file coords39.txt (compact mmCIF, C-alpha atoms)
# COMPACT_ATOMS: atom_id res chain seq x y z
CA MET A 68 -3.23 24.01 20.66
CA LEU A 69 -0.27 23.05 22.85
CA SER A 70 -2.02 24.34 25.97
CA LEU A 71 -5.07 22.22 25.18
CA TYR A 72 -2.85 19.18 24.57
CA ARG A 73 -1.17 19.72 27.92
CA VAL A 74 -4.51 19.59 29.72
CA VAL A 75 -5.53 16.40 27.90
CA ALA A 76 -2.12 14.77 28.44
CA ARG A 77 -2.12 15.55 32.15
CA LEU A 78 -5.54 13.98 32.58
CA GLY A 79 -4.70 10.98 30.39
CA HIS A 80 -1.51 10.18 32.28
CA ARG A 81 -3.48 10.02 35.53
CA LEU A 82 -6.47 7.96 34.46
CA PRO A 83 -7.19 4.99 36.74
CA VAL A 84 -6.47 1.90 34.63
CA PRO A 85 -7.23 -1.41 36.40
CA HIS A 86 -4.89 -3.74 34.49
CA GLY A 87 -3.28 -4.57 31.19
CA THR A 88 -0.74 -3.08 28.82
CA LEU A 89 -1.86 0.53 29.29
CA ARG A 90 -1.54 0.29 33.05
CA ALA A 91 1.98 -1.12 32.74
CA SER A 92 2.92 1.63 30.29
CA LEU A 93 1.64 4.43 32.52
CA ALA A 94 3.39 2.94 35.54
CA GLY A 95 6.69 2.65 33.68
CA ARG A 96 6.51 6.19 32.37
CA ARG A 97 5.65 7.67 35.77
CA GLY A 98 9.16 7.33 37.19
CA ALA A 99 11.10 7.36 33.93
CA ALA A 100 12.40 10.93 34.13
CA GLY A 101 14.03 10.29 37.51
CA ARG A 102 15.66 7.09 36.26
CA TRP A 103 17.01 8.83 33.18
CA VAL A 104 18.41 11.73 35.21
CA ALA A 105 20.18 9.27 37.54
CA TRP A 106 21.54 7.29 34.60
CA ALA A 107 22.82 10.41 32.84
CA ALA A 108 24.69 11.52 35.97
CA ASP A 109 26.76 8.31 35.89
CA HIS A 110 26.95 7.42 32.20
CA ARG A 111 26.59 10.52 30.02
CA THR A 112 29.84 10.96 28.07
CA LYS A 113 31.30 14.04 26.40
CA GLY A 114 30.30 12.92 22.90
CA PRO A 115 26.96 13.72 21.26
CA CYS A 116 23.84 12.05 22.66
CA ILE A 117 21.33 10.61 20.21
CA TRP A 118 17.89 10.18 21.77
CA ALA A 119 15.93 7.59 19.77
CA HIS A 120 12.30 6.73 20.44
CA ALA A 121 10.50 3.55 19.36
CA ALA A 122 7.00 3.05 20.69
CA SER A 123 6.96 -0.76 20.58
CA VAL A 124 8.64 -3.80 19.09
CA GLY A 125 7.90 -3.01 15.45
CA GLU A 126 9.26 0.51 15.78
CA GLN A 127 12.39 -0.79 17.50
CA GLN A 128 12.97 -3.24 14.65
CA ALA A 129 12.63 -0.43 12.12
CA ILE A 130 15.15 1.79 13.86
CA GLU A 131 17.76 -0.88 14.70
CA PRO A 132 19.69 -0.82 11.38
CA VAL A 133 19.86 2.98 11.53
CA LEU A 134 21.16 2.99 15.10
CA SER A 135 23.81 0.39 14.30
CA ARG A 136 25.08 2.49 11.40
CA LEU A 137 25.07 5.65 13.52
CA ALA A 138 27.10 3.86 16.20
CA ARG A 139 29.69 2.75 13.65
CA ALA A 140 29.94 6.21 12.10
CA ARG A 141 30.05 8.02 15.46
CA PRO A 142 31.63 5.75 18.08
CA ASP A 143 31.86 8.77 20.38
CA ALA A 144 28.07 9.09 20.50
CA THR A 145 25.85 7.96 23.37
CA ILE A 146 22.67 6.37 21.97
CA ILE A 147 19.67 5.99 24.25
CA LEU A 148 16.29 4.48 23.38
CA THR A 149 12.90 5.26 24.91
CA HIS A 150 9.66 3.36 24.42
CA THR A 151 6.05 3.37 25.64
CA SER A 152 4.96 -0.26 25.28
CA PRO A 153 5.94 -2.84 27.91
CA SER A 154 6.15 -5.52 25.20
CA ILE A 155 9.51 -4.14 24.13
CA LEU A 156 11.00 -5.22 27.45
CA ARG A 157 10.75 -8.84 26.31
CA THR A 158 13.11 -8.12 23.40
CA VAL A 159 16.88 -7.79 23.39
CA THR A 160 18.18 -4.23 23.64
CA PRO A 161 19.86 -3.30 20.33
CA GLY A 162 23.63 -3.51 20.57
CA ALA A 163 24.13 0.13 19.57
CA VAL A 164 21.97 1.35 22.47
CA CYS A 165 23.66 2.33 25.74
CA GLN A 166 20.43 2.41 27.75
CA ARG A 167 16.74 1.63 27.12
CA ASP A 168 13.82 2.68 29.33
CA TYR A 169 10.33 4.16 29.19
CA LEU A 170 9.63 7.58 27.72
CA PRO A 171 8.71 10.04 30.50
CA ARG A 172 5.18 11.39 30.61
CA ASP A 173 4.75 13.93 27.83
CA GLU A 174 4.46 16.89 30.18
CA PRO A 175 6.75 19.94 30.53
CA ALA A 176 8.42 19.08 33.83
CA PRO A 177 9.58 15.49 33.13
CA VAL A 178 10.51 16.24 29.52
CA VAL A 179 12.59 19.27 30.52
CA ARG A 180 14.31 17.28 33.29
CA MET A 181 15.38 14.62 30.82
CA LEU A 182 16.52 17.07 28.14
CA ASP A 183 18.54 19.01 30.71
CA ALA A 184 20.19 15.82 31.96
CA LEU A 185 21.02 14.31 28.56
CA HIS A 186 21.61 17.38 26.36
CA PRO A 187 20.83 15.39 23.20
CA ALA A 188 22.29 16.53 19.90
CA LEU A 189 19.59 14.70 17.94
CA LEU A 190 16.03 13.50 18.59
CA LEU A 191 15.11 10.53 16.43
CA PHE A 192 11.62 8.96 16.14
CA SER A 193 10.83 5.62 14.52
CA ARG A 194 7.83 5.30 12.18
CA GLY A 195 5.78 8.22 13.51
CA ASP A 196 5.17 8.06 17.27
CA LEU A 197 5.92 11.77 17.84
CA TRP A 198 5.00 13.35 21.18
CA PRO A 199 4.04 17.06 21.03
CA GLU A 200 5.63 18.21 24.29
CA LEU A 201 8.90 16.44 23.60
CA VAL A 202 9.04 17.84 20.05
CA HIS A 203 8.19 21.35 21.31
CA GLN A 204 10.85 21.35 24.01
CA ALA A 205 13.49 19.93 21.66
CA ALA A 206 12.71 22.57 19.03
CA ARG A 207 13.05 25.30 21.66
CA ARG A 208 16.62 24.08 22.22
CA ASN A 209 17.32 23.86 18.45
CA ILE A 210 17.70 20.07 18.68
CA PRO A 211 17.02 18.48 15.27
CA VAL A 212 13.77 16.49 15.31
CA THR A 213 13.96 13.61 12.83
CA VAL A 214 11.88 10.56 11.80
CA VAL A 215 12.96 7.35 10.02
CA GLY A 216 10.76 4.80 8.27
CA ALA A 217 7.86 7.24 8.60
CA THR A 218 4.44 5.86 7.75
CA VAL A 219 0.84 7.05 7.97
CA ARG A 220 -1.96 4.62 7.15
CA PRO A 221 -4.39 5.92 4.48
CA ARG A 222 -7.29 5.81 6.96
CA SER A 223 -5.33 6.92 10.01
CA LEU A 224 -7.30 8.95 12.53
CA ARG A 225 -4.47 11.48 12.41
CA LEU A 226 -5.71 12.55 8.97
CA GLY A 227 -9.00 13.80 10.44
CA ARG A 228 -9.61 17.54 10.65
CA VAL A 229 -9.21 17.93 14.41
CA PRO A 230 -6.10 15.72 14.82
CA ARG A 231 -4.51 17.50 11.82
CA ALA A 232 -5.09 20.86 13.47
CA VAL A 233 -3.46 19.64 16.68
CA LEU A 234 -0.53 17.93 14.98
CA ARG A 235 0.25 20.65 12.47
CA HIS A 236 2.01 22.82 15.07
CA THR A 237 4.08 19.85 16.27
CA LEU A 238 5.05 18.60 12.82
CA ARG A 239 6.21 22.02 11.68
CA ASP A 240 9.16 21.46 14.03
CA VAL A 241 10.30 18.28 12.24
CA THR A 242 13.63 19.07 10.59
CA TRP A 243 13.97 15.87 8.52
CA LEU A 244 11.65 12.94 7.79
CA GLY A 245 12.44 9.78 5.84
CA ALA A 246 9.17 8.41 4.44
CA ALA A 247 8.71 4.72 3.70
CA THR A 248 6.82 5.35 0.43
CA PRO A 249 5.85 8.30 -1.79
CA ASP A 250 2.26 8.01 -0.53
CA ASP A 251 3.51 8.23 3.06
CA ALA A 252 5.47 11.33 2.10
CA ASP A 253 2.31 12.97 0.74
CA ARG A 254 0.36 12.14 3.90
CA TRP A 255 3.08 13.56 6.16
CA ALA A 256 3.01 16.77 4.12
CA THR A 257 -0.77 16.88 4.55
CA LEU A 258 -0.29 16.53 8.31
CA GLY A 259 2.07 19.49 8.43
CA VAL A 260 5.67 18.45 7.82
CA LEU A 261 7.25 20.96 5.45
CA PRO A 262 7.61 19.24 2.03
CA GLU A 263 11.22 20.33 1.60
CA ARG A 264 12.11 18.44 4.78
CA ILE A 265 10.68 15.11 3.54
CA ALA A 266 12.69 12.48 1.66
CA VAL A 267 11.43 9.14 0.38
CA THR A 268 14.02 6.69 1.73
CA GLY A 269 12.15 3.38 1.96
CA ASP A 270 11.61 1.27 5.05
CA PRO A 271 14.64 0.46 7.28
CA ARG A 272 12.84 -2.69 8.46
CA HIS A 273 13.70 -4.20 5.09
CA ASP A 274 17.41 -3.62 5.72
CA ARG A 275 17.14 -5.29 9.10
CA LEU A 276 15.41 -8.36 7.70
CA LEU A 277 17.69 -8.73 4.69
CA GLU A 278 20.80 -8.34 6.85
CA ARG A 279 19.90 -10.29 9.96
CA ILE A 280 21.76 -13.47 10.88
CA ALA A 281 19.23 -16.16 11.75
CA ASP A 282 19.31 -18.57 14.66
CA PRO A 283 18.86 -22.00 13.01
CA ARG A 284 17.72 -23.86 16.14
CA PRO A 285 13.96 -23.14 15.99
CA ALA A 286 13.72 -24.08 12.31
CA THR A 287 15.91 -27.17 12.77
CA THR A 288 13.66 -28.39 15.58
CA VAL A 289 10.51 -27.92 13.51
CA ARG A 290 11.91 -29.60 10.40
CA ALA A 291 13.24 -32.52 12.43
CA ARG A 292 9.69 -33.29 13.58
CA ALA A 293 7.98 -32.47 10.27
CA GLY A 294 10.29 -34.52 8.05
CA ALA A 295 8.95 -34.35 4.50
CA ASP A 296 5.54 -33.01 5.59
CA PRO A 297 4.68 -29.45 4.52
CA VAL A 298 4.96 -26.79 7.23
CA LEU A 299 2.79 -23.73 7.75
CA VAL A 300 4.00 -21.08 10.21
CA ALA A 301 1.17 -18.82 11.35
CA GLY A 302 2.75 -15.73 12.89
CA SER A 303 1.39 -12.91 15.05
CA VAL A 304 -1.99 -14.63 15.28
CA GLU A 305 -4.73 -12.57 16.91
CA PRO A 306 -7.96 -13.94 18.44
CA SER A 307 -9.78 -12.52 15.41
CA ASP A 308 -7.76 -14.88 13.20
CA ASP A 309 -8.59 -18.03 15.14
CA ASP A 310 -11.86 -19.13 13.53
CA ALA A 311 -10.68 -18.87 9.91
CA LEU A 312 -7.22 -20.28 10.61
CA LEU A 313 -8.31 -23.26 12.69
CA GLU A 314 -11.21 -24.11 10.39
CA ALA A 315 -8.81 -24.03 7.43
CA LEU A 316 -6.38 -26.35 9.23
CA SER A 317 -9.21 -28.76 9.91
CA ARG A 318 -10.26 -28.74 6.24
CA VAL A 319 -6.70 -29.31 5.04
CA LEU A 320 -6.09 -32.25 7.36
CA HIS A 321 -9.45 -33.79 6.44
CA ALA A 322 -8.34 -33.57 2.81
CA GLY A 323 -5.55 -35.98 3.69
CA ILE A 324 -2.68 -33.48 3.62
CA PRO A 325 -0.23 -34.11 6.53
CA LEU A 326 0.29 -30.40 7.21
CA ARG A 327 2.38 -29.42 10.22
CA THR A 328 1.48 -26.02 11.67
CA VAL A 329 3.31 -23.83 14.15
CA ILE A 330 1.15 -21.04 15.59
CA ALA A 331 2.87 -18.04 17.16
CA PRO A 332 0.26 -15.84 18.93
CA HIS A 333 0.88 -12.12 18.89
CA ASP A 334 0.57 -11.95 22.68
CA PRO A 335 1.33 -15.42 24.10
CA THR A 336 -0.12 -15.04 27.59
CA GLU A 337 -1.13 -18.15 29.53
CA ARG A 338 -4.80 -17.33 28.94
CA ARG A 339 -4.27 -16.87 25.21
CA ILE A 340 -2.33 -20.14 24.86
CA ALA A 341 -4.99 -22.04 26.81
CA ALA A 342 -7.76 -20.57 24.66
CA LEU A 343 -5.98 -21.55 21.43
CA LEU A 344 -5.36 -25.10 22.60
CA ALA A 345 -9.02 -25.41 23.61
CA LYS A 346 -10.16 -24.22 20.18
CA LEU A 347 -7.84 -26.69 18.45
CA ALA A 348 -9.16 -29.51 20.62
CA ALA A 349 -12.75 -28.53 19.83
CA ARG A 350 -11.97 -29.15 16.16
CA SER A 351 -10.38 -32.51 16.98
CA LEU A 352 -6.96 -31.22 15.93
CA ILE A 353 -4.02 -32.84 17.73
CA ALA A 354 -2.17 -29.94 19.31
CA GLY A 355 0.48 -29.14 21.88
CA SER A 356 2.42 -26.18 23.27
CA TRP A 357 6.13 -25.56 22.82
CA PRO A 358 8.32 -23.15 24.83
CA GLY A 359 11.05 -23.05 22.19
CA PRO A 360 14.27 -24.97 21.46
CA ARG A 361 16.15 -23.74 24.52
CA SER A 362 13.61 -25.25 26.92
CA ALA A 363 12.35 -28.10 24.73
CA PRO A 364 14.75 -29.26 22.00
CA VAL A 365 12.11 -31.67 20.65
CA LEU A 366 8.83 -30.47 19.17
CA PRO A 367 5.62 -32.17 20.39
CA ALA A 368 4.25 -34.89 18.10
CA ALA A 369 1.20 -32.91 17.01
CA SER A 370 -0.24 -31.56 13.78
CA ALA A 371 -0.49 -28.06 15.33
CA VAL A 372 1.92 -26.61 17.87
CA VAL A 373 1.35 -23.34 19.71
CA THR A 374 4.62 -21.71 20.71
CA THR A 375 4.65 -19.96 24.08
CA ALA A 376 7.96 -18.20 23.40
CA GLN A 377 8.52 -14.73 21.99
CA GLY A 378 11.27 -13.64 19.64
CA LEU A 379 11.33 -16.89 17.61
CA LEU A 380 9.04 -15.96 14.76
CA ALA A 381 11.57 -14.65 12.22
CA ASP A 382 13.65 -17.80 12.73
CA LEU A 383 10.63 -20.12 12.62
CA TYR A 384 9.76 -18.87 9.14
CA LEU A 385 12.96 -20.58 7.93
CA ALA A 386 11.27 -23.93 8.56
CA ALA A 387 8.11 -23.07 6.65
CA ASP A 388 6.81 -23.79 3.21
CA ILE A 389 3.95 -21.32 3.61
CA ALA A 390 3.35 -18.41 5.98
CA TYR A 391 0.16 -16.98 7.40
CA VAL A 392 0.36 -13.55 9.06
CA GLY A 393 -2.28 -12.43 11.54
CA GLY A 394 -4.13 -9.18 12.01
CA GLY A 395 -6.08 -9.22 8.76
CA PHE A 396 -9.42 -10.03 10.36
CA ARG A 397 -9.56 -6.95 12.58
CA ALA A 398 -9.88 -3.20 12.14
CA ALA A 399 -6.35 -2.55 13.41
CA ARG A 400 -3.17 -3.03 11.40
CA LEU A 401 -2.06 -6.26 9.72
CA HIS A 402 1.13 -7.54 11.34
CA SER A 403 4.46 -7.61 9.53
CA ILE A 404 4.48 -9.58 6.29
CA ALA A 405 8.06 -8.53 5.55
CA GLU A 406 9.52 -11.19 7.89
CA PRO A 407 8.24 -14.24 5.95
CA ALA A 408 8.87 -12.44 2.65
CA ALA A 409 12.53 -12.02 3.59
CA VAL A 410 13.00 -15.80 3.53
CA GLY A 411 11.08 -16.22 0.28
CA LEU A 412 7.73 -17.50 1.53
CA PRO A 413 4.30 -16.96 -0.03
CA VAL A 414 2.24 -15.08 2.54
CA LEU A 415 -1.44 -15.65 3.29
CA ILE A 416 -3.26 -12.70 4.89
CA GLY A 417 -6.77 -11.80 6.00
CA PRO A 418 -9.12 -9.54 4.04
CA ARG A 419 -8.37 -6.32 5.97
CA TRP A 420 -4.86 -5.62 4.72
CA ALA A 421 -5.31 -2.10 3.33
CA GLY A 422 -3.02 0.35 5.08
CA SER A 423 -0.09 -2.02 5.46
CA THR A 424 2.97 -0.44 3.84
CA ASP A 425 4.16 -3.76 2.43
CA ALA A 426 0.82 -5.38 1.62
CA GLU A 427 -0.18 -3.40 -1.47
CA PRO A 428 3.00 -4.06 -3.51
CA MET A 429 3.20 -7.63 -2.23
CA VAL A 430 -0.40 -8.40 -3.18
CA ALA A 431 0.19 -6.79 -6.57
CA SER A 432 3.28 -8.95 -7.14
CA GLY A 433 1.45 -12.13 -6.15
CA GLY A 434 3.70 -12.72 -3.17
CA ALA A 435 0.88 -12.10 -0.69
CA ILE A 436 -2.51 -13.77 -1.09
CA PRO A 437 -5.52 -12.10 0.57
CA ILE A 438 -8.23 -14.50 1.65
CA ALA A 439 -11.95 -13.92 1.97
CA ASN A 440 -13.90 -13.79 5.20
CA ASP A 441 -15.67 -17.08 4.48
CA HIS A 442 -15.08 -19.19 7.61
CA GLY A 443 -11.74 -20.54 6.45
CA HIS A 444 -12.87 -21.95 3.10
CA SER A 445 -10.67 -19.77 0.86
CA LEU A 446 -7.75 -20.04 3.31
CA ALA A 447 -7.95 -23.83 3.15
CA GLU A 448 -8.12 -23.72 -0.66
CA SER A 449 -5.06 -21.46 -0.82
CA ILE A 450 -3.07 -23.71 1.52
CA LEU A 451 -3.99 -26.80 -0.47
CA ARG A 452 -3.08 -25.16 -3.78
CA LEU A 453 0.33 -24.04 -2.50
CA VAL A 454 1.10 -27.40 -0.92
CA ARG A 455 0.22 -29.27 -4.11
CA ASP A 456 2.04 -26.93 -6.48
CA PRO A 457 5.70 -26.34 -5.49
CA THR A 458 6.28 -24.25 -8.60
CA GLU A 459 3.57 -21.74 -7.66
CA ARG A 460 4.80 -21.75 -4.08
CA THR A 461 8.33 -20.86 -5.18
CA ARG A 462 7.16 -18.25 -7.67
CA ARG A 463 5.02 -16.47 -5.10
CA GLY A 464 7.73 -16.67 -2.44
CA LEU A 465 10.28 -15.05 -4.73
CA ALA A 466 7.73 -12.38 -5.67
CA ALA A 467 7.22 -11.62 -1.97
CA ARG A 468 10.95 -11.26 -1.35
CA GLY A 469 11.31 -9.11 -4.44
CA VAL A 470 9.15 -6.41 -2.85
CA LEU A 471 11.73 -5.79 -0.12
CA ARG A 472 14.24 -3.06 -0.85
CA ALA A 473 17.54 -2.40 0.88
CA GLY A 474 19.06 1.06 1.25
CA ALA A 475 16.67 2.94 3.55
CA ALA A 476 18.94 2.59 6.58
CA ARG A 477 21.95 3.89 4.66
CA ALA A 478 20.06 6.89 3.25
CA SER A 479 18.53 7.70 6.63
CA THR A 480 21.86 7.48 8.42
CA ALA A 481 23.50 9.85 5.95
CA ALA A 482 20.81 12.47 6.58
CA LEU A 483 21.04 12.03 10.36
CA LEU A 484 24.81 12.41 10.33
CA ARG A 485 24.40 15.70 8.48
CA SER A 486 22.00 16.83 11.21
CA LEU A 487 24.55 15.87 13.87
CA GLU A 488 27.30 17.75 12.06
CA SER A 489 25.14 20.87 11.87
CA GLN A 490 24.82 20.79 15.65
CA SER A 491 28.59 20.77 16.12
CA LEU A 492 29.20 23.81 13.88
call {"tool": "encode", "arguments": {"input": "coords39.txt", "output": "structure tokens"}}
result
Amino acid sequence: MLSLYRVVARLGHRLPVPHGTLRASLAGRRGAAGRWVAWAADHRTKGPCIWAHAASVGEQQAIEPVLSRLARARPDATIILTHTSPSILRTVTPGAVCQRDYLPRDEPAPVVRMLDALHPALLLFSRGDLWPELVHQAARRNIPVTVVGATVRPRSLRLGRVPRAVLRHTLRDVTWLGAATPDDADRWATLGVLPERIAVTGDPRHDRLLERIADPRPATTVRARAGADPVLVAGSVEPSDDDALLEALSRVLHAGIPLRTVIAPHDPTERRIAALLAKLAARSLIAGSWPGPRSAPVLPAASAVVTTAQGLLADLYLAADIAYVGGGFRAARLHSIAEPAAVGLPVLIGPRWAGSTDAEPMVASGGAIPIANDHGHSLAESILRLVRDPTERTRRGLAARGVLRAGAARASTAALLRSLESQSL
């Protein structure tokens, strides 16, 4: 199976991609091995090296509290972080990380070059973005292969017969896996991780959200403009969310409710911002764009504001009375509902929420409210009900926060430290 994967990987890494995220990812990975070798020559210390991998922003957020604890427990360690998505470059490198760069192409030559240069004592994946060649080469060197916050969606393509057959050989080399939920643990066992190497730890993202120190400036700016008016923060909004969300805003405002809305698109490109503003204008909604408090300390005088900045969303939720989280009107995954839950907000989500680790318990608790695909009617009704009933709003917000559980980062770190100690024996 590995030989077949190598053929597919070699072809995939060389596909002509005209533009976009995939092109940027392939370009970044092409020269990554050389950059890592050069960095290691100047910065690799005598202590153990921990190689962490987080595919994108969400995976980096999940692994951050684990890396910070590892750095405190092992100050002699060198922690490096690889990624595959260019979106992560727009985020701050975690303080525990000595260097962050793209993952090399998952082929024998670049992977071996990097392993030989870094001599990692531990290979650590976030969530589940495991690469077969890297896992194979690490296992050949008896480097522990570990996973934290591991999840597999119930309808993941990985659970199909052919992907399972390919992955089984790779996942047999996993030495320890911390699953986010018992159901995730069962699915990882189905995929091929040995059951005795799986522990149910919870999701380290919850630790990060419950522990993070917020920047009050974005929320202060929003509340200063909103005054006593209710505020809805719509986060990680995808184009598939637009029709229902904007129609609901129009219905709410026509009902005489002075709702203030801040929309944070998932990918705030100039084209995306322009398209959102045009859609708002088409519904006669007064709208404006906002680059964030550092560039514009005053929010535009508009009922709906589209923020062009990234990295503000978790802090913007502090200003909200209600949250809407995007992604629930598409086949792909719902975006994170843990961020608004962490500040005690009721969370409105689209109808396609199945497969989200946090959605099922949050819907069951009443903290998250799924809406129907009915052109914004049920979304508008839910917003109106929450605005008019502060008691229900508070009850649902507390229920959402109650779903979050701390402790996954601590449990994961303890297991990883044992793996490091076994390498030094």
call {"tool": "atom_distance", "arguments": {"input": "coords39.txt", "atom1": "CA of Ala246 (chain A)", "atom2": "CA of Leu276 (chain A)"}}
result
18.2 Å
call {"tool": "closest_residue", "arguments": {"input": "coords39.txt", "among": "A:Thr328, A:Ser223, A:Thr213, A:Thr145", "to": "Ala107 (chain A)", "atoms": "all atoms listed in the file"}}
result
A:Thr145
call {"tool": "closest_residue", "arguments": {"input": "coords39.txt", "among": "A:Arg77, A:Ile324, A:Arg272, A:Ala286", "to": "Ala409 (chain A)", "atoms": "only C-alpha atoms"}}
result
A:Arg272
call {"tool": "closest_atom_pairs", "arguments": {"input": "coords39.txt", "of": "region 250-339 of chain A", "to": "region 110-133 of chain A", "cutoff": "8 Å", "atoms": "all atoms listed in the file", "output": "CSV"}}
result
residue,atom,partner,partner_atom,distance
A:Asp270,CA,A:Ala129,CA,7.3
A:Pro271,CA,A:Ala129,CA,5.3
A:Arg272,CA,A:Ala129,CA,4.3
A:Asp274,CA,A:Pro132,CA,6.7
A:Arg275,CA,A:Pro132,CA,5.6
call {"tool": "closest_residue", "arguments": {"input": "coords39.txt", "among": "A:Leu487, A:Ala439, A:Val454, A:Ala281", "to": "Glu406 (chain A)", "atoms": "all atoms listed in the file"}}
result
A:Ala281
call {"tool": "atom_distance", "arguments": {"input": "coords39.txt", "atom1": "CA of Thr257 (chain A)", "atom2": "CA of Arg225 (chain A)"}}
result
10.2 Å
call {"tool": "closest_residue", "arguments": {"input": "coords39.txt", "among": "A:Ile389, A:Met429, A:Leu197, A:Leu347", "to": "Asp310 (chain A)", "atoms": "all atoms listed in the file"}}
result
A:Leu347
call {"tool": "closest_residue", "arguments": {"input": "coords39.txt", "among": "A:Leu190, A:Leu320, A:Leu366, A:Val179", "to": "Gln490 (chain A)", "atoms": "all atoms listed in the file"}}
result
A:Leu190
